[in-house]
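The structure appears right after this line, and notes come after that.
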Number of protein chains: 2
Amino acid sequence: MTPPVTTVPYPAPVHTALAAARSAQRPARNTRAGDRARQLRTAADALDAAADTLIPVAQRETRLTEARLRGELARTTFQARLFADRLEQGAFLDARIDHADADWPMGPRPDIRRTHLPLGPVLVFAASNFPFAFSVFGGDTVSALAAGCPVVVKAHPGHPELSVLTARTVTEALTAAGAPQGLLSLVEGQEAGVAAVQDSRIKAVGFTGSTHGGRALFDLAARRPDPIPFYGELGSTNPVVVTPSGWRERGLEIAEGFADSYSLGSGQFCTQPGVVFVPDATDFAAAVPAVAPGPMLNERIHDAYRESLRELSSRPDVGTAARAEGRQDGPEAVLLRTDAQAVLADPSLISTEVFGPATLLVEYESLDEVVRVLDASGGSLTGSVHGGEAPDADALTLLDALAERVGRVLWNEWPTGVTVSDAQQHGGPWPATTAPTTTSVGTAAIHRFLRPVAYQNVPVAGLPAELRY
Amino acid sequence: MTPPVTTVPYPAPVHTALAAARSAQRPARNTRAGDRARQLRTAADALDAAADTLIPVAQRETRLTEARLRGELARTTFQARLFADRLEQGAFLDARIDHADADWPMGPRPDIRRTHLPLGPVLVFAASNFPFAFSVFGGDTVSALAAGCPVVVKAHPGHPELSVLTARTVTEALTAAGAPQGLLSLVEGQEAGVAAVQDSRIKAVGFTGSTHGGRALFDLAARRPDPIPFYGELGSTNPVVVTPSGWRERGLEIAEGFADSYSLGSGQFCTQPGVVFVPDATDFAAAVPAVAPGPMLNERIHDAYRESLRELSSRPDVGTAARAEGRQDGPEAVLLRTDAQAVLADPSLISTEVFGPATLLVEYESLDEVVRVLDASGGSLTGSVHGGEAPDADALTLLDALAERVGRVLWNEWPTGVTVSDAQQHGGPWPATTAPTTTSVGTAAIHRFLRPVAYQNVPVAGLPAELRY
């Protein structure tokens with residue numbers, strides 16, 4: 001066995017971090033679920049206690065508001081405690097016990113008992129837009145730690161100082177709570193990330209970011225001599241359909257709700273409603289209240305927003321329905337417009353994610369046309385229908401068509417604001433994610449990092465506790 | 001929506017099969033679980049009723065014995081009925097309901113309800129060595145059908161006539177039971193398989209076969225513009241450790257059990273014990289009774305067996321411990337030998353699968369040495385420990401080391417003979433499979449073909465039945 005690694009700096013050289021993760025692998029697996037829960041809670045408490053130190057750094061590095069960041073930190077520590085609760089309940093084990101059965105119809109059956117073990121060291125790529133909730137101690141990290149996997153986090157360059165502070169705070173708390181040395185470490189830089197994805201000690205990858213970057217890393221993971229699971233959350237345009245009866249009965253409410261949702265956090269959310277199908281784009285755009293988004297995370301992201309807006313608005317059959325200058329330090333909020341026939345001719349129009357406060361309005365003649373467009377489109381994280389007070393037959397058809405290609409279907413609500421709970425699903429078919437059978441938010445996220453193992457004819461002394469029946 | 005496909009020949013041109021699967025996608029998803037169960041049972045009954053037609057064809061095409069083939073057919077139809085049972089119990093849904101909660105600690109929570117929907121059309125590559133249980137209506141197919149996915153089977157060229165007969169029998173039964181047209185179809189030839197893996201209508205692939213062929217198809221799936229899950233079961237050497245106390249207390253029993261297991265079905269099983277760690281290779285080989293395996297599936301496989309034996313036995317530090325000429329029409333049964341130090345120097349020695357009745361004996365000095373070898377080795381489907389009557393500390397250490405790299409851990413039993421049940425696990429880290437978090441045998445296999453979907457604030461009329469609470 002590898003000797004335990006005792007000192008891991010923040011950030012660590014990638015080879016130190018990988019050695020640390022490998023050396024923590026067996027101790028992490030042998031840490032009882034109740035102890036893992038206690039460690040996660042200790043780390044969550046330490047982060048909450050450090051809020052007054054962390055928040056100003058986060059504000060400076062991300063330009064997000066204090067209120068937003070305090071809310072995000074609360075979400076982040078709540079998330080860790082929710083995994084702790086579920087660990088203590090044994091909720092994630094799916095333990096199955098088949099006692100020996102001489103009369104089993106296909107022939108005598110031995111005693112077989114199945115549980116789940118951690119997959120091994122996990123590499124997590126932090127995201128830019130959630131410096132707490134999808135970063136060093138975000139959902140990927142805590143679900144991997146809950147599963148019993150050591151974690152190497154590749155820091156996001158958008159908030160380097162916050163990443164180091166978070167890693168230090170969490171690691172000191174984990175260690176104080178008895179966690180193995182090397183359970184969590186932090187690396188910086190693209191080169192380190194690229195090396196770690198390909199290192200045989202890494203057994204799975206969690207990623208949240210752009211389709212372009214995610215695809216490149218997915219390809220590296222798939223091309224390894226020993227390919228590993230790559231759980232990537234990439235691009236999503238989150239289609240919303242406003243039905244004719246919805247527009248008639250709830251038009252004002254829909255337009256106001258939309259204004260809040262598409263501009264929330266300056267549109268820097270993976271569930272931002274990027275495509276909205278409406279019966280009349282002129283009327284819709286006129287009804288949407290003006291918004292003034294705050295500054296984007298950094299200038300690089302602001303530039304990328306301008307560039308992708310320019311690209312999308314230069315396509316044939318795409319025009320501008322409304323634009324708002326907004327604040328001096330913030331991005332312009334833009335409503336583009338096209339129609340369903342143009343999208344049927346070029347489905348890529350509605351799969352191009354514009355990261356920022358812009359939405360493409362798609363005017364339709366009939367809901368049949370919308371269903372045809374949806375059937376021709378790629379996957380998304382969410383899909384929403386805004387109808388009247390109760391769903392009519394058209395609305396039911398739309399909900400059904402959306403369920404075939406998204407991870408979360410919404411009725412008369414907006415997709416931004418992703419709660420953390422047992423029933424949450426944050427995933428979807430390509431390009432929303434690289435792993436359509438999984439989720440990266442909610443307690444089911446732990447299953448990405450667990451591997452089923454069956455024990456045949458193994459006496460009690462050799463069985464994990466949950467199989468000793 | 002695509003118009004329903006009414007006539008699908010056996011085998012079908014690949015474009016016909018893909019169009020049929022696409023056209024069956026929505027009807028298959030909308031088929032209630034209870035109806036899917038009835039369809040699977042009807043197909044199983046039809047196969048059982050056709051046994052006297054199917055078995056002679058299978059004998060001629062695979063050279064397997066009538067007894068073996070009748071047993072395998074019974075296993076195959078039992079498997080379909082077990083999935084039918086679980087469908088009727090709703091066992092696969094993992095339905096989760098979070099009612100709205102204004103006091104949720106991270107902020108007010110909407111009503112969110114999560115269930116699982118079918119992934120869409122599945123491509124199944126049939127295996128050579130189980131012409132029923134891992135072929136046209138084998139585990140991959142029935143778990144995908146149970147999930148509500150249409151299936152396109154790429155027939156194995158080793159039993160083409162049986163494949164067509166099975167497809168016809170099953171499809172006629174499915175149709176008679178009300179299944180959608182195009183739910184199951186059969187294609188032939190490598191070109192068709194390669195085209196189908198890359199077709200956007202296919203949403204997942206199941207594969208059982210060689211590491212070489214599986215890797216090539218995995219790469220095609222990963223390189224698609226829209227990558228899809230590839231569930232491949234590739235190579236496995238299934239390490240077995242005979243401990244010193246096991247050899248002392250149960251030596252004869254172990255040697256006899258081993259002789260049966262390594263030569264069963266002429267060694268043509270993915271769980272064949274290909275590597276056995278023993279305290280003394282000379283003594284062990286001397287104690288193993290002579291075996292006379294029946295003919296291999298076909299001459300191509302027999303030739304490949306001779307070639308891989310030749311390759312492995314020509315490696316430095318590999319010698320021959322025993323060989324048995326066997327029957328005139330069967331392969332030679334061979335015990336090769338090496339030692340733990342040689343394997344530590346070249347771990348590939350124990351990851352090279354020899355498909356046939358051959359095993360590499362690895363002589364060890366100490367069990368510490370064995371643990372070091374296991375820690376350096378790749379994944380396998382199974383790992384077994386043969387010890388004394390009860391596991392001592394050494395045995396527990398070995399079971400633990402094996403659990404880290406295999407899907408099924410056995411104590412004092414042999415890995416061949418894979419029962420179908422709820423607790424069964426048939427999978428493991430690379431190169432055993434391409435998807436370490438899944439199983440291809442047992443009822444949990446259905447999860448490969450299901451996708452979680454959450455419904456937020458959706459009224460009862462728009463919810464799947466299992467979420468109407």
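Quick note on naming: the chains in the structure tokens go A, B, ... in the order shown, residues restart at 1 in each chain, and ligands are numbered from 1 in order of appearance.
Set the cut-off at 6 Å, count only C-alpha atoms, and the residues of chain B near chain A turn out to be Arg75, Arg96, Ile97, Asp98, Met106, Ile112, Arg113, Arg114, Asp226, Leu396, Gly407, Arg408, Val409, Leu410, Trp411, Ala423, Gln425, Trp430, Thr437, Arg451, Val453, Ala454, Tyr455, Gln456, Asn457, Val458 and Gly462 of chain B.
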Take the residues from that selection and put them in a file with N, CA and C atoms, as a short mmCIF file (atom, residue, chain, number, x, y, z; two decimals), in the first residue's frame.
```
data_model
loop_
_atom_site.label_atom_id
_atom_site.label_comp_id
_atom_site.auth_asym_id
_atom_site.auth_seq_id
_atom_site.Cartn_x
_atom_site.Cartn_y
_atom_site.Cartn_z
N ARG B 75 -32.73 -20.54 -18.72
CA ARG B 75 -32.21 -19.35 -18.06
C ARG B 75 -32.71 -18.07 -18.75
N ARG B 96 -39.35 9.42 -6.51
CA ARG B 96 -39.05 10.29 -5.36
C ARG B 96 -39.97 11.50 -5.43
N ILE B 97 -40.61 11.81 -4.35
CA ILE B 97 -41.55 12.93 -4.34
C ILE B 97 -41.18 13.90 -3.23
N ASP B 98 -40.82 15.12 -3.62
CA ASP B 98 -40.58 16.20 -2.65
C ASP B 98 -41.72 17.19 -2.80
N MET B 106 -32.56 25.69 2.57
CA MET B 106 -31.83 26.54 1.62
C MET B 106 -32.74 27.56 0.92
N ILE B 112 -41.40 18.88 -6.47
CA ILE B 112 -40.57 18.19 -7.47
C ILE B 112 -40.75 16.68 -7.32
N ARG B 113 -40.99 16.01 -8.43
CA ARG B 113 -41.24 14.56 -8.41
C ARG B 113 -40.40 13.90 -9.49
N ARG B 114 -39.68 12.88 -9.12
CA ARG B 114 -38.69 12.29 -10.03
C ARG B 114 -39.00 10.82 -10.29
N ASP B 226 -22.79 13.41 -30.81
CA ASP B 226 -23.57 13.30 -29.58
C ASP B 226 -23.23 11.96 -28.91
N LEU B 396 -9.62 -12.40 4.88
CA LEU B 396 -10.40 -11.16 4.91
C LEU B 396 -9.67 -10.05 4.15
N GLY B 407 -16.41 -6.98 -9.71
CA GLY B 407 -17.83 -6.78 -9.49
C GLY B 407 -18.46 -7.81 -8.55
N ARG B 408 -17.85 -9.00 -8.46
CA ARG B 408 -18.42 -10.04 -7.58
C ARG B 408 -17.28 -10.74 -6.87
N VAL B 409 -17.38 -10.82 -5.56
CA VAL B 409 -16.37 -11.44 -4.71
C VAL B 409 -16.92 -12.77 -4.21
N LEU B 410 -16.13 -13.84 -4.36
CA LEU B 410 -16.63 -15.16 -3.94
C LEU B 410 -15.73 -15.76 -2.86
N TRP B 411 -16.36 -16.49 -1.98
CA TRP B 411 -15.64 -17.22 -0.94
C TRP B 411 -15.92 -18.72 -1.13
N ALA B 423 -29.81 -9.49 -6.61
CA ALA B 423 -28.53 -9.08 -6.02
C ALA B 423 -27.35 -9.38 -6.94
N GLN B 425 -24.44 -9.14 -9.58
CA GLN B 425 -23.66 -8.05 -10.15
C GLN B 425 -22.69 -8.65 -11.15
N TRP B 430 -12.65 -1.29 -15.75
CA TRP B 430 -11.92 -1.59 -16.97
C TRP B 430 -10.76 -2.53 -16.66
N THR B 437 -20.14 1.45 -13.13
CA THR B 437 -21.22 1.65 -12.17
C THR B 437 -22.47 0.84 -12.52
N ARG B 451 -33.60 6.83 -17.79
CA ARG B 451 -33.08 8.18 -17.59
C ARG B 451 -33.97 8.88 -16.56
N VAL B 453 -36.02 11.70 -14.78
CA VAL B 453 -36.68 12.94 -15.18
C VAL B 453 -37.48 13.46 -13.99
N ALA B 454 -37.32 14.74 -13.68
CA ALA B 454 -38.08 15.36 -12.59
C ALA B 454 -39.17 16.25 -13.17
N TYR B 455 -40.31 16.25 -12.47
CA TYR B 455 -41.44 17.10 -12.87
C TYR B 455 -41.62 18.15 -11.78
N GLN B 456 -41.56 19.42 -12.16
CA GLN B 456 -41.69 20.50 -11.18
C GLN B 456 -43.03 21.19 -11.36
N ASN B 457 -43.83 21.19 -10.31
CA ASN B 457 -45.11 21.91 -10.28
C ASN B 457 -46.09 21.41 -11.35
N VAL B 458 -45.92 20.17 -11.79
CA VAL B 458 -46.77 19.65 -12.86
C VAL B 458 -48.04 19.04 -12.23
N GLY B 462 -50.57 15.75 -15.88
CA GLY B 462 -49.34 15.70 -16.66
C GLY B 462 -48.28 14.80 -16.06
#
```
Q) How would you write, as a VMD selection string, the set of residues in segment 161-267 of chain B that DSSP gives as alpha helix (DSSP H)? A) chain B and resid 161 to 176 190 to 197 211 to 223 244 to 263
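Every protein or nucleic acid residue with an atom no more than 9 Å from Ile55 of chain A, counting only C-alpha atoms and leaving out same-chain residues fewer than 2 positions away, appears here: Ala50, Ala51, Asp52, Thr53, Val57, Ala58, Gln59, Arg60, Glu66, Leu69, Arg70, Leu73 and Leu162 of chain A.
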Q: Please measure the separation of atom CA of Phe269 of chain A and atom CA of Pro150 of chain A, giving the value in Å to one decimal.
A: 27.9 Å
Q.
To test your reading of the structure, identify every residue in segment 412-466 of chain A that backbone DSSP assigns to strand (DSSP E or B), and report it as a VMD selection string.
A. chain A and resid 433 450 to 456
**Q.** Neighbour list for Ser210 of chain A as a list in words, cut-off 12 Å, only C-alpha atoms, skip fewer than 5 positions in-chain
**A.** Phe125, Ala126, Ala127, Ser128, Asn129, Arg215, Ala216, Leu217, Phe218, Gly232, Glu233, Leu234, Gly235, Ser236, Gln268, Phe269, Cys270, Ile301, Ala304, Thr352, Glu353, Val354, Phe355, Pro431, Ala432, Thr433 and Thr434 of chain A
Write the residues of the preceding selection, restricted to C-alpha atoms, as a compact mmCIF listing (two decimals), in the first residue's frame.
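What follows is the written file out_34.txt:
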```
# COMPACT_ATOMS: atom_id res chain seq x y z
CA PHE A 125 -13.52 20.64 -12.45
CA ALA A 126 -14.94 23.67 -10.68
CA ALA A 127 -17.31 26.02 -12.52
CA SER A 128 -17.00 29.81 -12.84
CA ASN A 129 -20.57 30.82 -12.17
CA ARG A 215 -16.08 17.89 -24.86
CA ALA A 216 -12.27 18.16 -25.00
CA LEU A 217 -11.93 16.69 -21.51
CA PHE A 218 -14.57 14.02 -22.20
CA GLY A 232 -19.97 16.52 -17.66
CA GLU A 233 -22.65 19.15 -17.52
CA LEU A 234 -22.19 21.17 -20.69
CA GLY A 235 -24.53 23.44 -22.63
CA SER A 236 -28.28 23.81 -22.31
CA GLN A 268 -25.03 33.23 -16.04
CA PHE A 269 -26.99 30.10 -15.10
CA CYS A 270 -26.97 26.72 -16.80
CA ILE A 301 -17.01 36.02 -20.06
CA ALA A 304 -17.60 35.79 -24.99
CA THR A 352 -26.58 27.38 -29.40
CA GLU A 353 -26.12 28.44 -25.79
CA VAL A 354 -25.50 32.14 -25.28
CA PHE A 355 -24.08 32.46 -21.77
CA PRO A 431 -25.39 18.28 -25.10
CA ALA A 432 -26.89 19.02 -21.68
CA THR A 433 -24.65 16.33 -20.20
CA THR A 434 -22.29 13.53 -21.23
```
Q. How many Å separate atom CA of Glu307 of chain A from atom CA of Gly267 of chain A?
A. 15.2 Å
Q: Could you tell me how far atom CA of Ala333 of chain B lies from atom CA of Pro293 of chain B, in Å and to one decimal?
A: 7.1 Å
Q: Would you mind listing what lies within 9 Å of segment 138-146 of chain B as an MDAnalysis selection string, with only C-alpha atoms counted and same-chain residues fewer than 2 positions away left out?
A: chainID B and resid 28 33 36:37 40 76:77 79:80 83:84 87 118:119 121:126 130:136 148:153 183:184 206:207 440:450
Could you dump the residues just selected with N, CA and C atoms as a short mmCIF file (atom, residue, chain, number, x, y, z; two decimals), in the first residue's frame?
```cif
data_model
loop_
_atom_site.label_atom_id
_atom_site.label_comp_id
_atom_site.auth_asym_id
_atom_site.auth_seq_id
_atom_site.Cartn_x
_atom_site.Cartn_y
_atom_site.Cartn_z
N ALA B 28 -43.41 2.74 -27.36
CA ALA B 28 -42.79 1.87 -26.35
C ALA B 28 -42.75 2.58 -24.99
N ALA B 33 -46.09 -0.36 -17.74
CA ALA B 33 -45.17 -1.39 -17.26
C ALA B 33 -45.83 -2.77 -17.23
N ARG B 36 -45.84 -4.11 -20.68
CA ARG B 36 -44.50 -4.57 -21.06
C ARG B 36 -44.21 -5.93 -20.44
N ALA B 37 -44.63 -6.11 -19.21
CA ALA B 37 -44.42 -7.39 -18.52
C ALA B 37 -45.13 -8.52 -19.27
N LEU B 40 -43.25 -9.39 -22.44
CA LEU B 40 -42.04 -10.19 -22.19
C LEU B 40 -42.40 -11.64 -21.89
N THR B 76 -32.70 -18.12 -20.07
CA THR B 76 -33.07 -16.95 -20.88
C THR B 76 -34.54 -16.58 -20.67
N THR B 77 -35.40 -17.55 -20.70
CA THR B 77 -36.83 -17.23 -20.56
C THR B 77 -37.16 -16.90 -19.09
N GLN B 79 -35.15 -15.30 -17.16
CA GLN B 79 -34.67 -13.93 -17.04
C GLN B 79 -35.73 -12.93 -17.51
N ALA B 80 -36.35 -13.22 -18.65
CA ALA B 80 -37.39 -12.33 -19.17
C ALA B 80 -38.56 -12.27 -18.19
N PHE B 83 -37.73 -10.06 -15.10
CA PHE B 83 -37.91 -8.63 -15.40
C PHE B 83 -39.40 -8.30 -15.42
N ALA B 84 -40.21 -9.20 -15.97
CA ALA B 84 -41.66 -8.96 -15.98
C ALA B 84 -42.19 -8.83 -14.56
N LEU B 87 -41.16 -5.47 -13.18
CA LEU B 87 -41.94 -4.40 -13.80
C LEU B 87 -43.29 -4.25 -13.10
N PRO B 118 -37.61 5.70 -20.35
CA PRO B 118 -36.67 4.98 -21.21
C PRO B 118 -35.74 5.93 -21.96
N LEU B 119 -34.50 5.45 -22.18
CA LEU B 119 -33.47 6.26 -22.82
C LEU B 119 -33.72 6.42 -24.33
N PRO B 121 -34.04 4.18 -28.35
CA PRO B 121 -33.59 2.95 -29.01
C PRO B 121 -32.19 2.49 -28.58
N VAL B 122 -32.08 1.19 -28.31
CA VAL B 122 -30.84 0.59 -27.82
C VAL B 122 -30.32 -0.39 -28.87
N LEU B 123 -29.02 -0.35 -29.10
CA LEU B 123 -28.35 -1.30 -30.01
C LEU B 123 -27.67 -2.36 -29.16
N VAL B 124 -27.95 -3.64 -29.44
CA VAL B 124 -27.37 -4.74 -28.66
C VAL B 124 -26.50 -5.61 -29.58
N PHE B 125 -25.22 -5.76 -29.21
CA PHE B 125 -24.35 -6.67 -29.94
C PHE B 125 -24.40 -8.03 -29.25
N ALA B 126 -24.88 -9.03 -29.96
CA ALA B 126 -24.99 -10.37 -29.38
C ALA B 126 -23.61 -11.00 -29.23
N PHE B 130 -23.03 -17.42 -25.66
CA PHE B 130 -24.34 -17.72 -25.09
C PHE B 130 -25.37 -17.42 -26.18
N PRO B 131 -25.66 -18.37 -27.04
CA PRO B 131 -26.51 -18.08 -28.21
C PRO B 131 -27.96 -17.75 -27.82
N PHE B 132 -28.33 -18.02 -26.58
CA PHE B 132 -29.64 -17.57 -26.11
C PHE B 132 -29.50 -16.44 -25.07
N ALA B 133 -28.74 -16.69 -24.00
CA ALA B 133 -28.77 -15.80 -22.83
C ALA B 133 -28.09 -14.46 -23.04
N PHE B 134 -27.12 -14.40 -23.98
CA PHE B 134 -26.49 -13.11 -24.31
C PHE B 134 -26.62 -12.84 -25.81
N SER B 135 -27.77 -13.22 -26.37
CA SER B 135 -27.94 -12.99 -27.80
C SER B 135 -29.26 -12.25 -28.04
N VAL B 136 -29.99 -12.66 -29.07
CA VAL B 136 -31.13 -11.85 -29.54
C VAL B 136 -32.13 -11.47 -28.43
N GLY B 148 -38.54 -0.04 -21.55
CA GLY B 148 -39.38 0.68 -22.50
C GLY B 148 -38.62 1.17 -23.72
N CYS B 149 -37.47 0.57 -24.00
CA CYS B 149 -36.65 0.98 -25.15
C CYS B 149 -36.82 0.00 -26.31
N PRO B 150 -37.01 0.49 -27.54
CA PRO B 150 -36.92 -0.38 -28.70
C PRO B 150 -35.47 -0.90 -28.81
N VAL B 151 -35.31 -2.09 -29.41
CA VAL B 151 -33.99 -2.70 -29.50
C VAL B 151 -33.67 -3.11 -30.93
N VAL B 152 -32.47 -2.77 -31.37
CA VAL B 152 -31.92 -3.30 -32.62
C VAL B 152 -30.80 -4.25 -32.22
N VAL B 153 -30.92 -5.53 -32.58
CA VAL B 153 -29.88 -6.50 -32.25
C VAL B 153 -28.96 -6.69 -33.45
N LEU B 183 -40.51 -2.83 -32.42
CA LEU B 183 -39.92 -2.81 -31.08
C LEU B 183 -38.59 -3.56 -31.04
N LEU B 184 -38.52 -4.66 -31.80
CA LEU B 184 -37.28 -5.45 -31.84
C LEU B 184 -36.95 -5.76 -33.30
N GLY B 206 -25.43 -1.91 -25.88
CA GLY B 206 -25.02 -3.02 -25.02
C GLY B 206 -24.13 -3.95 -25.83
N PHE B 207 -23.03 -4.38 -25.24
CA PHE B 207 -22.06 -5.20 -25.98
C PHE B 207 -21.47 -6.25 -25.05
N SER B 440 -24.65 -6.04 -16.15
CA SER B 440 -25.34 -6.54 -17.34
C SER B 440 -26.12 -7.81 -17.04
N VAL B 441 -26.07 -8.32 -15.83
CA VAL B 441 -26.87 -9.47 -15.42
C VAL B 441 -27.58 -9.11 -14.12
N GLY B 442 -28.78 -9.65 -13.93
CA GLY B 442 -29.56 -9.35 -12.73
C GLY B 442 -30.50 -8.19 -13.01
N THR B 443 -31.46 -8.01 -12.12
CA THR B 443 -32.52 -7.05 -12.42
C THR B 443 -32.04 -5.60 -12.41
N ALA B 444 -30.90 -5.32 -11.76
CA ALA B 444 -30.39 -3.94 -11.77
C ALA B 444 -29.91 -3.53 -13.16
N ALA B 445 -29.79 -4.48 -14.08
CA ALA B 445 -29.35 -4.18 -15.45
C ALA B 445 -30.29 -3.19 -16.14
N ILE B 446 -31.53 -3.12 -15.71
CA ILE B 446 -32.49 -2.22 -16.34
C ILE B 446 -32.09 -0.75 -16.20
N HIS B 447 -31.34 -0.43 -15.14
CA HIS B 447 -31.00 0.98 -14.91
C HIS B 447 -30.09 1.56 -15.98
N ARG B 448 -29.42 0.70 -16.74
CA ARG B 448 -28.59 1.20 -17.84
C ARG B 448 -29.41 1.93 -18.90
N PHE B 449 -30.69 1.57 -18.97
CA PHE B 449 -31.51 2.06 -20.08
C PHE B 449 -32.62 3.00 -19.63
N LEU B 450 -32.50 3.50 -18.41
CA LEU B 450 -33.49 4.43 -17.88
C LEU B 450 -32.83 5.77 -17.61
#
```
